Each structure stands twice: as structure tokens, then as C-alpha cells.
Amino acid sequence: MERDTPTPENAAIPKPLEVNFDGIPERLRFYPHFVVWNYATIDEEIKKPPVDPKTGKRASVRKPDTWGSYDDAHAAYTTGQFAGIGIVLTADMGIVGIDIDHCMIDGQLTDEAQRIITALDSYAETSPSDTGIRIMLEAKLPGAFRRRGNIEMYEDMRYLTLTGHRITETPVDVKPRHRQLYELYHRLFPIQENTGGGVGLRPHADSPHGLSDETVLQKALKAKNGENFTRYYHGDTSLWEGTGAKHRSQSEADFTLVLMLLYWTNKDTVQVDRLFRQSGLMRLKWDRPIKRNETYGERIMKDALQKGNH
């Protein structure tokens, strides 16, 4: 999903691109996974919470009965009550969505975005804000990391907005691109040797226990509560959105993930910060100053450390 943006008091709600239904890939249209959305200010950010196109009530990425068909989304959108449409990704679909934010400058793609589009050679479209792109392909993510810089990858527990505004040189439909995604993933998250008896991403050699980021993640994912950890690390929005959510806000989910990362990294805050930045919960707010010489992310880690010491 397109990265949410901070909302200063005078920030205006963006005007989204009008949905081009004729441009929505045929490969996606038969899934009953469609939602609609409107902009909303939540937790000090402009967000796009999903809405059930059948009822107009808040949808959840974990509740299929709150999704609808392509026709349901089309009908709801044409009422003029919604800003856009989207599709919920589930593991059984075998589809990966890649977001690249803020990569359109004066209508031109950045070199990095163009290289990725060319390498993947599958359906790609512009985002609702017309400042980013989304690529959809048939594949499976080869690891647990989800974000590097302005690039995000999702295949489950997320909904992605759709505009139908295809980038001209890309295919009109979703294509199988397993090898291409594997190569991109490992370029973004390179595997390196480490001193912890395994391999994995480790940009810095300062982890006191000597375990790579990948090794730490695999331990957490394979633990008894691994399924719960996966929900947080992959950024399952139903943790704080929709009826029956565990948390009142994403900030509470951030705090819980940090607590778990502190446990698995033996309270190594440098590695926790690095791992959080590659998770599905990462957002601009992490680096936002909340007081002099302290960011939101630093405060979350400080508070989580204090709680863990009691």
C-alpha cells in the first residue's frame, strides 16, 4: 500500500487519480478480494483504511466477508462516495505487490524505479497520488524482509490500492516472474556471512551476539509464537484496523513488535532499529522528532526497554 504521509495541521487531503477500471489486470478481476477506500487522518497520518464495498463499513485484511468482487468495488466507486479501490493479497493468490514511493518526479521515473520495472517486466501502474508506482507479479517472496528505503514488498495480510493507470511500457496483465523477484529481493537484502553460525543480512558488524538479521528473524518466525510475530513483522493492518482489532492504533503495534525484537536480539537496539526499518510496520513516523534530540522510534525503543526491565 502506498506509504502514508505525515499530516501537519494545515496539510490538505490529496486528490487521487480517478480509477481506470479498463486498465485493471484481468488476472486480478476474478478474485473476490476487492475493497474501496477513502482518505482518513489516523495516528497523525493520512491513511487509506479499507472499506467493504458491499456495506460501506470498515473492512479487515483478515476477514474475507468484508471484501467484495470486482463488480462490487466498481459499483461502490461509481457512487462517488469513495476515493479509490484496492485488492487484498493472500498467500494462496501467489501474487506479490511491490510499492515504490516518491519515484515519479515531474512525471518521470527515477533511474532505480525504471531499472526495477524493466527487470520485472510485469504489470505496473502509478499510485493514487501519481508520485509512486506499484508492480504486480506472480511470484513468492523468498524471505521475511518487507522494506528497504522507499521500496516495499507484500504478498499477504495487506491490501494494495489499484488505479488502473498502467505505465505504458509494461505488460497489460500480471506475469510470472519468480526468478526476477528472487534476484531483486537478494539485491535489496544481500546475504552475507556472519559469526552466528548462519548467513543473512547484516549491514553492520556490531551485533553483540553475532547473529545476522536473517538469523534473528528465522528464530522468531519458527518459535511457538511465530505466527503472531509474522503478523507484526509483515505489517498485518488488521492488528489495529477493523472490528476486533488487538490494538487501538498502529503505534501500539509498533511498540509490541519492538518488544519482541528486543527479546530476539538480546536488547540490541541497533539491530532492533535495523530490523524494524525492514518490516511492514515501518513508516515515516519512525524518524519523526517528537522532542529535542529524540525521534518517535527512539522513544518507542526506550519505553520498550524500560518495560522489559520490569
# chains A, B, ... in the order shown; residues from 1 in each chain; ligands from 1
>>> select_by_dssp(residues="region 28-229 of chain A", states="strand (DSSP E or B)", output="PyMOL selection string")
chain A and resi 34-37+40-42+45-47+50-51+58+68+84-89+95-100+104-105+108-109+124-126+133-138+147-148+151-154+158-162+166+175-176+192-193+199-200
>>> closest_residue(among="A:Thr79, A:Thr243, A:Thr265, A:Asn293", to="Gln218 (chain A)", atoms="only C-alpha atoms")
A:Thr265
>>> residues_around(residues="Leu28 (chain A)", least_positions_apart="3", cutoff="10 Å", atoms="only C-alpha atoms", output="MDAnalysis selection string")
chainID A and resid 24:25 31:34 70 87 93 95 136 173:174
>>> select_by_dssp(residues="region 67-200 of chain A", states="alpha helix (DSSP H)", output="PyMOL selection string")
chain A and resi 70-77+111-120+178-188
>>> atom_distance(atom1="CA of His165 (chain A)", atom2="CA of Asp71 (chain A)")
18.3 Å
>>> closest_residue(among="A:Ala245, A:Ala75, A:Ile105, A:Val19", to="Arg58 (chain A)", atoms="only C-alpha atoms")
A:Ala245
>>> closest_atom_pairs(of="region 116-204 of chain A", to="region 232-242 of chain A", cutoff="8 Å", atoms="only C-alpha atoms", output="tab-separated table")
residue	atom	partner	partner_atom	distance
A:Ala144	CA	A:His234	CA	7.7
A:Phe145	CA	A:His234	CA	8.0
A:Arg146	CA	A:His234	CA	6.7
A:Tyr154	CA	A:His234	CA	7.9
A:Met157	CA	A:Asp236	CA	5.1
A:Arg158	CA	A:Asp236	CA	6.3
>>> residues_around(residues="Arg299 (chain A)", least_positions_apart="3", cutoff="12 Å", atoms="only C-alpha atoms", output="PDB file with N, CA, C and O atoms, in the first residue's frame")
ATOM      1  N   SER A 251       0.586   2.656  16.439  1.00  0.00           N
ATOM      2  CA  SER A 251       1.654   2.920  17.401  1.00  0.00           C
ATOM      3  C   SER A 251       1.735   1.824  18.456  1.00  0.00           C
ATOM      4  O   SER A 251       2.833   1.433  18.887  1.00  0.00           O
ATOM      5  N   ASP A 254       3.452  -1.005  16.812  1.00  0.00           N
ATOM      6  CA  ASP A 254       4.892  -0.707  16.754  1.00  0.00           C
ATOM      7  C   ASP A 254       5.569  -1.114  18.060  1.00  0.00           C
ATOM      8  O   ASP A 254       6.624  -1.758  18.060  1.00  0.00           O
ATOM      9  N   PHE A 255       4.971  -0.704  19.170  1.00  0.00           N
ATOM     10  CA  PHE A 255       5.544  -0.961  20.492  1.00  0.00           C
ATOM     11  C   PHE A 255       5.656  -2.470  20.739  1.00  0.00           C
ATOM     12  O   PHE A 255       6.683  -2.960  21.242  1.00  0.00           O
ATOM     13  N   VAL A 258       8.500  -3.976  18.685  1.00  0.00           N
ATOM     14  CA  VAL A 258       9.790  -3.614  19.271  1.00  0.00           C
ATOM     15  C   VAL A 258      10.078  -4.479  20.500  1.00  0.00           C
ATOM     16  O   VAL A 258      11.215  -4.931  20.690  1.00  0.00           O
ATOM     17  N   THR A 269      19.625  -2.556  20.532  1.00  0.00           N
ATOM     18  CA  THR A 269      18.755  -1.543  19.920  1.00  0.00           C
ATOM     19  C   THR A 269      19.204  -1.157  18.510  1.00  0.00           C
ATOM     20  O   THR A 269      18.375  -0.747  17.689  1.00  0.00           O
ATOM     21  N   ASP A 273      16.492  -1.483  15.567  1.00  0.00           N
ATOM     22  CA  ASP A 273      16.194  -0.375  14.648  1.00  0.00           C
ATOM     23  C   ASP A 273      16.315  -0.835  13.207  1.00  0.00           C
ATOM     24  O   ASP A 273      15.462  -0.545  12.360  1.00  0.00           O
ATOM     25  N   LYS A 285       6.889   8.027  10.276  1.00  0.00           N
ATOM     26  CA  LYS A 285       6.792   8.457  11.660  1.00  0.00           C
ATOM     27  C   LYS A 285       7.965   7.958  12.508  1.00  0.00           C
ATOM     28  O   LYS A 285       8.339   8.595  13.500  1.00  0.00           O
ATOM     29  N   TRP A 286       8.556   6.831  12.141  1.00  0.00           N
ATOM     30  CA  TRP A 286       9.664   6.255  12.911  1.00  0.00           C
ATOM     31  C   TRP A 286      10.792   7.255  13.113  1.00  0.00           C
ATOM     32  O   TRP A 286      11.427   7.300  14.163  1.00  0.00           O
ATOM     33  N   ASP A 287      11.049   8.077  12.102  1.00  0.00           N
ATOM     34  CA  ASP A 287      12.146   9.047  12.171  1.00  0.00           C
ATOM     35  C   ASP A 287      11.679  10.457  12.513  1.00  0.00           C
ATOM     36  O   ASP A 287      12.484  11.397  12.478  1.00  0.00           O
ATOM     37  N   ARG A 288      10.427  10.624  12.857  1.00  0.00           N
ATOM     38  CA  ARG A 288       9.903  11.958  13.140  1.00  0.00           C
ATOM     39  C   ARG A 288      10.303  12.408  14.546  1.00  0.00           C
ATOM     40  O   ARG A 288      10.100  11.684  15.520  1.00  0.00           O
ATOM     41  N   PRO A 289      10.898  13.597  14.686  1.00  0.00           N
ATOM     42  CA  PRO A 289      11.246  14.099  16.026  1.00  0.00           C
ATOM     43  C   PRO A 289       9.982  14.330  16.860  1.00  0.00           C
ATOM     44  O   PRO A 289       9.003  14.890  16.372  1.00  0.00           O
ATOM     45  N   ILE A 290       9.998  13.882  18.098  1.00  0.00           N
ATOM     46  CA  ILE A 290       8.880  14.141  18.992  1.00  0.00           C
ATOM     47  C   ILE A 290       9.290  15.080  20.123  1.00  0.00           C
ATOM     48  O   ILE A 290       8.442  15.637  20.801  1.00  0.00           O
ATOM     49  N   LYS A 291      10.571  15.222  20.305  1.00  0.00           N
ATOM     50  CA  LYS A 291      11.117  16.205  21.232  1.00  0.00           C
ATOM     51  C   LYS A 291      12.571  16.419  20.836  1.00  0.00           C
ATOM     52  O   LYS A 291      13.105  15.712  19.979  1.00  0.00           O
ATOM     53  N   ARG A 292      13.211  17.387  21.433  1.00  0.00           N
ATOM     54  CA  ARG A 292      14.594  17.699  21.067  1.00  0.00           C
ATOM     55  C   ARG A 292      15.487  16.462  21.221  1.00  0.00           C
ATOM     56  O   ARG A 292      15.513  15.815  22.261  1.00  0.00           O
ATOM     57  N   ASN A 293      16.210  16.138  20.138  1.00  0.00           N
ATOM     58  CA  ASN A 293      17.191  15.047  20.131  1.00  0.00           C
ATOM     59  C   ASN A 293      16.578  13.662  20.348  1.00  0.00           C
ATOM     60  O   ASN A 293      17.283  12.736  20.773  1.00  0.00           O
ATOM     61  N   GLU A 294      15.286  13.494  20.050  1.00  0.00           N
ATOM     62  CA  GLU A 294      14.678  12.166  20.186  1.00  0.00           C
ATOM     63  C   GLU A 294      13.592  11.989  19.127  1.00  0.00           C
ATOM     64  O   GLU A 294      12.717  12.833  18.969  1.00  0.00           O
ATOM     65  N   THR A 295      13.661  10.862  18.411  1.00  0.00           N
ATOM     66  CA  THR A 295      12.650  10.553  17.406  1.00  0.00           C
ATOM     67  C   THR A 295      11.599   9.620  17.997  1.00  0.00           C
ATOM     68  O   THR A 295      11.786   9.039  19.083  1.00  0.00           O
ATOM     69  N   TYR A 296      10.510   9.453  17.249  1.00  0.00           N
ATOM     70  CA  TYR A 296       9.454   8.523  17.660  1.00  0.00           C
ATOM     71  C   TYR A 296      10.022   7.117  17.851  1.00  0.00           C
ATOM     72  O   TYR A 296       9.736   6.447  18.856  1.00  0.00           O
ATOM     73  N   LYS A 302      13.110   3.070  23.749  1.00  0.00           N
ATOM     74  CA  LYS A 302      13.417   3.425  25.140  1.00  0.00           C
ATOM     75  C   LYS A 302      12.311   2.934  26.072  1.00  0.00           C
ATOM     76  O   LYS A 302      12.582   2.320  27.115  1.00  0.00           O
ATOM     77  N   ASP A 303      11.053   3.200  25.705  1.00  0.00           N
ATOM     78  CA  ASP A 303       9.929   2.768  26.542  1.00  0.00           C
ATOM     79  C   ASP A 303       9.836   1.250  26.607  1.00  0.00           C
ATOM     80  O   ASP A 303       9.521   0.678  27.666  1.00  0.00           O
ATOM     81  N   ALA A 304      10.104   0.577  25.475  1.00  0.00           N
ATOM     82  CA  ALA A 304      10.039  -0.875  25.466  1.00  0.00           C
ATOM     83  C   ALA A 304      11.150  -1.482  26.325  1.00  0.00           C
ATOM     84  O   ALA A 304      10.933  -2.477  27.017  1.00  0.00           O
ATOM     85  N   LEU A 305      12.331  -0.887  26.290  1.00  0.00           N
ATOM     86  CA  LEU A 305      13.410  -1.354  27.161  1.00  0.00           C
ATOM     87  C   LEU A 305      13.052  -1.231  28.623  1.00  0.00           C
ATOM     88  O   LEU A 305      13.307  -2.135  29.427  1.00  0.00           O
ATOM     89  N   GLN A 306      12.450  -0.110  28.983  1.00  0.00           N
ATOM     90  CA  GLN A 306      12.059   0.099  30.370  1.00  0.00           C
ATOM     91  C   GLN A 306      11.017  -0.912  30.808  1.00  0.00           C
ATOM     92  O   GLN A 306      11.084  -1.464  31.906  1.00  0.00           O
TER      93      GLN A 306
END
>>> residues_around(residues="Glu155 (chain A)", least_positions_apart="2", cutoff="9 Å", atoms="only C-alpha atoms", output="PyMOL selection string")
chain A and resi 89-91+93-98+139-141+153+157-158
>>> closest_residue(among="A:Arg62, A:Lys267, A:Lys57, A:Lys307", to="Tyr159 (chain A)", atoms="only C-alpha atoms")
A:Arg62
>>> atom_distance(atom1="CA of Gly84 (chain A)", atom2="CA of Gly56 (chain A)")
13.0 Å
>>> atom_distance(atom1="CA of Phe30 (chain A)", atom2="CA of Thr66 (chain A)")
16.4 Å
